[in-house]
Amino acid sequence: MSSYDKEANGEDDIAHKGHFYGVYLLCSQSLDSRYHGKCYVGFTVNPKRRIKQHNRGREFGGAKKTSSKGPWQMVMIVHGFPNNISALQFEWAWQQPTLSTRLKCFPELKRKKPKESHFDYNFRILNRMLGVGPWNRLVLTIRWLETDFERKFEEWPLPHQMEIVSGKVSITASQRKRNDILNPEGSATVIWNSECHLCMQEIRQPERSRLGCTNPSCSLTCHILCLANYLLGNQPGHYIPIDGECPICETHIKWSALLQRKRLLQGGNAEEDDSDGHGELSDIPDVDSDVEICDQSE
């Protein structure tokens, strides 16, 4: 039986246990021809709240790229990811198919086809992604939120364990409370989130305890200790990491390069915030001080 035949009507109660992690696609309904039909891919733990943030603007937690370019419709969302890192990796690859290590081998995804809409282009990318590892081994749900946009996945068949449904996402009150505490979205800037992508706790003193990826197109935001522990996962017995892969975009990163980039960003854009409960490793000497930094604006 085709996965497209598995359909749910009306609201669907999901995520009664655990956390909800979704990657969504927005489509602009702006009357301005410059923005009408443009799309945006993002990550959320609460779709209903997130679309409100996008439509209210950047100052209310919406993204810079969507501010003043709506109204926006959340037309579909992919959910069922086992954790937030898996969902964030999916989000980044959908946003950056030409940079993703799993998608850049598909030249047909490099650009839109002639007369292809922005939605159709993003749908084509998604269709290819769902058939590529590691995502083709996940039990994901592809949920249509707007019936006007629904279509079949005909170009590349979906793995049998995935299902396609229609209807709004309804998150239980207890789930919403957990998501409100751990919500990694709503940052008012392009680069940084207000919470750590690894522990999903607030970063209260970003100047001292925040690190990001050296890849300028990656949105990784972490406590220094969280990222250090993540990179040390395959290096037992050590306290200072040397290198590893970014948990979101999988770029190879060197610890010294991360610290050098942090100092450069601090020198050019210091921020004020509250105190932070996490320790920090920013005073650790660099392991490889002659690393060339690639720090470009988006």
# chains A, B, ... in the order shown; residues from 1 in each chain; ligands from 1

call {"tool": "residues_around", "arguments": {"residues": "region 242-251 of chain A", "least_positions_apart": "6", "cutoff": "8 Å", "atoms": "only C-alpha atoms", "output": "CSV table (one decimal) with C-alpha atoms, in the first residue's frame"}}
result
chain,number,residue,atom,x,y,z
A,85,ILE,CA,20.1,17.3,16.6
A,86,SER,CA,18.6,14.9,14.0
A,88,LEU,CA,18.4,20.3,13.0
A,89,GLN,CA,20.7,18.4,10.7
A,92,TRP,CA,20.2,22.5,7.5
A,93,ALA,CA,20.4,20.0,4.6
A,100,SER,CA,25.1,19.1,2.5
A,101,THR,CA,27.5,16.1,2.3
A,213,CYS,CA,30.3,26.3,14.0
A,215,ASN,CA,30.7,27.1,8.8
A,218,CYS,CA,25.4,26.8,10.0
A,220,LEU,CA,24.8,25.8,15.6
A,231,LEU,CA,33.4,16.4,20.5
A,287,VAL,CA,45.7,23.3,20.5

call {"tool": "select_by_dssp", "arguments": {"residues": "region 86-257 of chain A", "states": "strand (DSSP E or B)", "output": "ChimeraX atom specification"}}
result
/A:141-144,163-166,169-171,195,202,210-211,222-223,243-245,252-254

call {"tool": "write_last_selection", "arguments": {"atoms": "N, CA, C and O atoms", "output": "PDB file, in the first residue's frame"}}
result
ATOM      1  N   THR A 141       7.012  11.239   9.735  1.00  0.00           N
ATOM      2  CA  THR A 141       5.684  11.575   9.240  1.00  0.00           C
ATOM      3  C   THR A 141       5.783  12.863   8.434  1.00  0.00           C
ATOM      4  O   THR A 141       6.333  13.861   8.910  1.00  0.00           O
ATOM      5  N   ILE A 142       5.275  12.829   7.215  1.00  0.00           N
ATOM      6  CA  ILE A 142       5.229  14.025   6.377  1.00  0.00           C
ATOM      7  C   ILE A 142       3.796  14.531   6.451  1.00  0.00           C
ATOM      8  O   ILE A 142       2.860  13.871   5.981  1.00  0.00           O
ATOM      9  N   ARG A 143       3.609  15.682   7.055  1.00  0.00           N
ATOM     10  CA  ARG A 143       2.265  16.183   7.350  1.00  0.00           C
ATOM     11  C   ARG A 143       1.945  17.416   6.501  1.00  0.00           C
ATOM     12  O   ARG A 143       2.631  18.437   6.573  1.00  0.00           O
ATOM     13  N   TRP A 144       0.895  17.312   5.702  1.00  0.00           N
ATOM     14  CA  TRP A 144       0.403  18.461   4.945  1.00  0.00           C
ATOM     15  C   TRP A 144      -0.495  19.291   5.851  1.00  0.00           C
ATOM     16  O   TRP A 144      -1.437  18.776   6.455  1.00  0.00           O
ATOM     17  N   GLU A 163       5.028   7.766   6.636  1.00  0.00           N
ATOM     18  CA  GLU A 163       3.634   7.958   6.277  1.00  0.00           C
ATOM     19  C   GLU A 163       3.355   9.419   5.954  1.00  0.00           C
ATOM     20  O   GLU A 163       4.047  10.319   6.435  1.00  0.00           O
ATOM     21  N   ILE A 164       2.355   9.628   5.130  1.00  0.00           N
ATOM     22  CA  ILE A 164       1.930  10.961   4.742  1.00  0.00           C
ATOM     23  C   ILE A 164       0.529  11.173   5.283  1.00  0.00           C
ATOM     24  O   ILE A 164      -0.363  10.352   5.065  1.00  0.00           O
ATOM     25  N   VAL A 165       0.344  12.256   6.010  1.00  0.00           N
ATOM     26  CA  VAL A 165      -0.952  12.543   6.612  1.00  0.00           C
ATOM     27  C   VAL A 165      -1.333  13.985   6.332  1.00  0.00           C
ATOM     28  O   VAL A 165      -0.509  14.792   5.885  1.00  0.00           O
ATOM     29  N   SER A 166      -2.578  14.325   6.607  1.00  0.00           N
ATOM     30  CA  SER A 166      -3.073  15.683   6.479  1.00  0.00           C
ATOM     31  C   SER A 166      -3.721  16.100   7.785  1.00  0.00           C
ATOM     32  O   SER A 166      -4.342  15.283   8.462  1.00  0.00           O
ATOM     33  N   VAL A 169      -1.283  19.884  13.651  1.00  0.00           N
ATOM     34  CA  VAL A 169      -0.591  19.231  14.754  1.00  0.00           C
ATOM     35  C   VAL A 169      -1.201  19.727  16.057  1.00  0.00           C
ATOM     36  O   VAL A 169      -1.338  20.933  16.269  1.00  0.00           O
ATOM     37  N   SER A 170      -1.584  18.814  16.905  1.00  0.00           N
ATOM     38  CA  SER A 170      -2.120  19.168  18.214  1.00  0.00           C
ATOM     39  C   SER A 170      -1.198  18.592  19.275  1.00  0.00           C
ATOM     40  O   SER A 170      -1.094  17.374  19.419  1.00  0.00           O
ATOM     41  N   ILE A 171      -0.527  19.468  20.009  1.00  0.00           N
ATOM     42  CA  ILE A 171       0.424  19.039  21.045  1.00  0.00           C
ATOM     43  C   ILE A 171      -0.253  19.139  22.401  1.00  0.00           C
ATOM     44  O   ILE A 171      -0.922  20.126  22.710  1.00  0.00           O
ATOM     45  N   GLU A 195      19.086  29.303  22.996  1.00  0.00           N
ATOM     46  CA  GLU A 195      19.326  28.087  23.756  1.00  0.00           C
ATOM     47  C   GLU A 195      20.362  27.204  23.070  1.00  0.00           C
ATOM     48  O   GLU A 195      20.566  27.277  21.866  1.00  0.00           O
ATOM     49  N   GLU A 202      18.876  27.450  28.221  1.00  0.00           N
ATOM     50  CA  GLU A 202      19.188  28.826  27.851  1.00  0.00           C
ATOM     51  C   GLU A 202      20.670  29.149  28.040  1.00  0.00           C
ATOM     52  O   GLU A 202      21.284  28.727  29.018  1.00  0.00           O
ATOM     53  N   ARG A 210      29.342  30.696  24.951  1.00  0.00           N
ATOM     54  CA  ARG A 210      28.675  30.284  23.718  1.00  0.00           C
ATOM     55  C   ARG A 210      29.674  30.044  22.593  1.00  0.00           C
ATOM     56  O   ARG A 210      30.605  30.801  22.392  1.00  0.00           O
ATOM     57  N   LEU A 211      29.439  28.964  21.851  1.00  0.00           N
ATOM     58  CA  LEU A 211      30.233  28.657  20.665  1.00  0.00           C
ATOM     59  C   LEU A 211      29.300  28.295  19.513  1.00  0.00           C
ATOM     60  O   LEU A 211      28.204  27.787  19.725  1.00  0.00           O
ATOM     61  N   CYS A 222      25.874  26.567  20.948  1.00  0.00           N
ATOM     62  CA  CYS A 222      26.099  25.635  22.056  1.00  0.00           C
ATOM     63  C   CYS A 222      26.815  26.308  23.211  1.00  0.00           C
ATOM     64  O   CYS A 222      27.554  27.277  23.030  1.00  0.00           O
ATOM     65  N   HIS A 223      26.609  25.758  24.413  1.00  0.00           N
ATOM     66  CA  HIS A 223      27.496  26.064  25.525  1.00  0.00           C
ATOM     67  C   HIS A 223      28.869  25.482  25.183  1.00  0.00           C
ATOM     68  O   HIS A 223      28.959  24.423  24.545  1.00  0.00           O
ATOM     69  N   ASP A 243      39.405  18.083  17.591  1.00  0.00           N
ATOM     70  CA  ASP A 243      38.560  18.349  16.437  1.00  0.00           C
ATOM     71  C   ASP A 243      37.383  17.394  16.450  1.00  0.00           C
ATOM     72  O   ASP A 243      37.215  16.583  17.361  1.00  0.00           O
ATOM     73  N   GLY A 244      36.553  17.497  15.428  1.00  0.00           N
ATOM     74  CA  GLY A 244      35.389  16.640  15.313  1.00  0.00           C
ATOM     75  C   GLY A 244      34.453  17.178  14.253  1.00  0.00           C
ATOM     76  O   GLY A 244      34.829  18.059  13.470  1.00  0.00           O
ATOM     77  N   GLU A 245      33.237  16.657  14.215  1.00  0.00           N
ATOM     78  CA  GLU A 245      32.237  17.092  13.245  1.00  0.00           C
ATOM     79  C   GLU A 245      31.154  17.910  13.923  1.00  0.00           C
ATOM     80  O   GLU A 245      30.713  17.585  15.028  1.00  0.00           O
ATOM     81  N   HIS A 252      33.815  19.484   9.325  1.00  0.00           N
ATOM     82  CA  HIS A 252      34.936  19.157  10.202  1.00  0.00           C
ATOM     83  C   HIS A 252      35.404  20.437  10.887  1.00  0.00           C
ATOM     84  O   HIS A 252      35.715  21.430  10.230  1.00  0.00           O
ATOM     85  N   ILE A 253      35.415  20.438  12.216  1.00  0.00           N
ATOM     86  CA  ILE A 253      35.777  21.642  12.968  1.00  0.00           C
ATOM     87  C   ILE A 253      36.937  21.338  13.907  1.00  0.00           C
ATOM     88  O   ILE A 253      37.038  20.252  14.460  1.00  0.00           O
ATOM     89  N   LYS A 254      37.814  22.312  14.055  1.00  0.00           N
ATOM     90  CA  LYS A 254      38.921  22.215  15.005  1.00  0.00           C
ATOM     91  C   LYS A 254      38.604  23.092  16.219  1.00  0.00           C
ATOM     92  O   LYS A 254      38.106  24.204  16.066  1.00  0.00           O
TER      93      LYS A 254
END

call {"tool": "closest_residue", "arguments": {"among": "A:Thr221, A:Leu227, A:Met162, A:Met76", "to": "Glu150 (chain A)", "atoms": "only C-alpha atoms"}}
result
A:Met76

call {"tool": "residues_around", "arguments": {"residues": "region 118-123 of chain A", "least_positions_apart": "2", "cutoff": "7 Å", "atoms": "only C-alpha atoms", "output": "list in words"}}
result
Gly37, Lys38, Cys39, Lys112, Glu116, Ile125, Leu126 and Asn127 of chain A

call {"tool": "closest_residue", "arguments": {"among": "A:Leu31, A:Val75, A:Val41, A:Leu26", "to": "Asn55 (chain A)", "atoms": "only C-alpha atoms"}}
result
A:Leu26

call {"tool": "closest_residue", "arguments": {"among": "A:Ser256, A:Leu225, A:Met74, A:Gly80", "to": "Thr147 (chain A)", "atoms": "only C-alpha atoms"}}
result
A:Met74

call {"tool": "atom_distance", "arguments": {"atom1": "CA of Ser68 (chain A)", "atom2": "CA of Gln53 (chain A)"}}
result
11.7 Å

call {"tool": "atom_distance", "arguments": {"atom1": "CA of Gly61 (chain A)", "atom2": "CA of Pro82 (chain A)"}}
result
25.2 Å

call {"tool": "closest_residue", "arguments": {"among": "A:Arg50, A:Lys64, A:Arg124, A:Arg34", "to": "Pro157 (chain A)", "atoms": "only C-alpha atoms"}}
result
A:Arg124
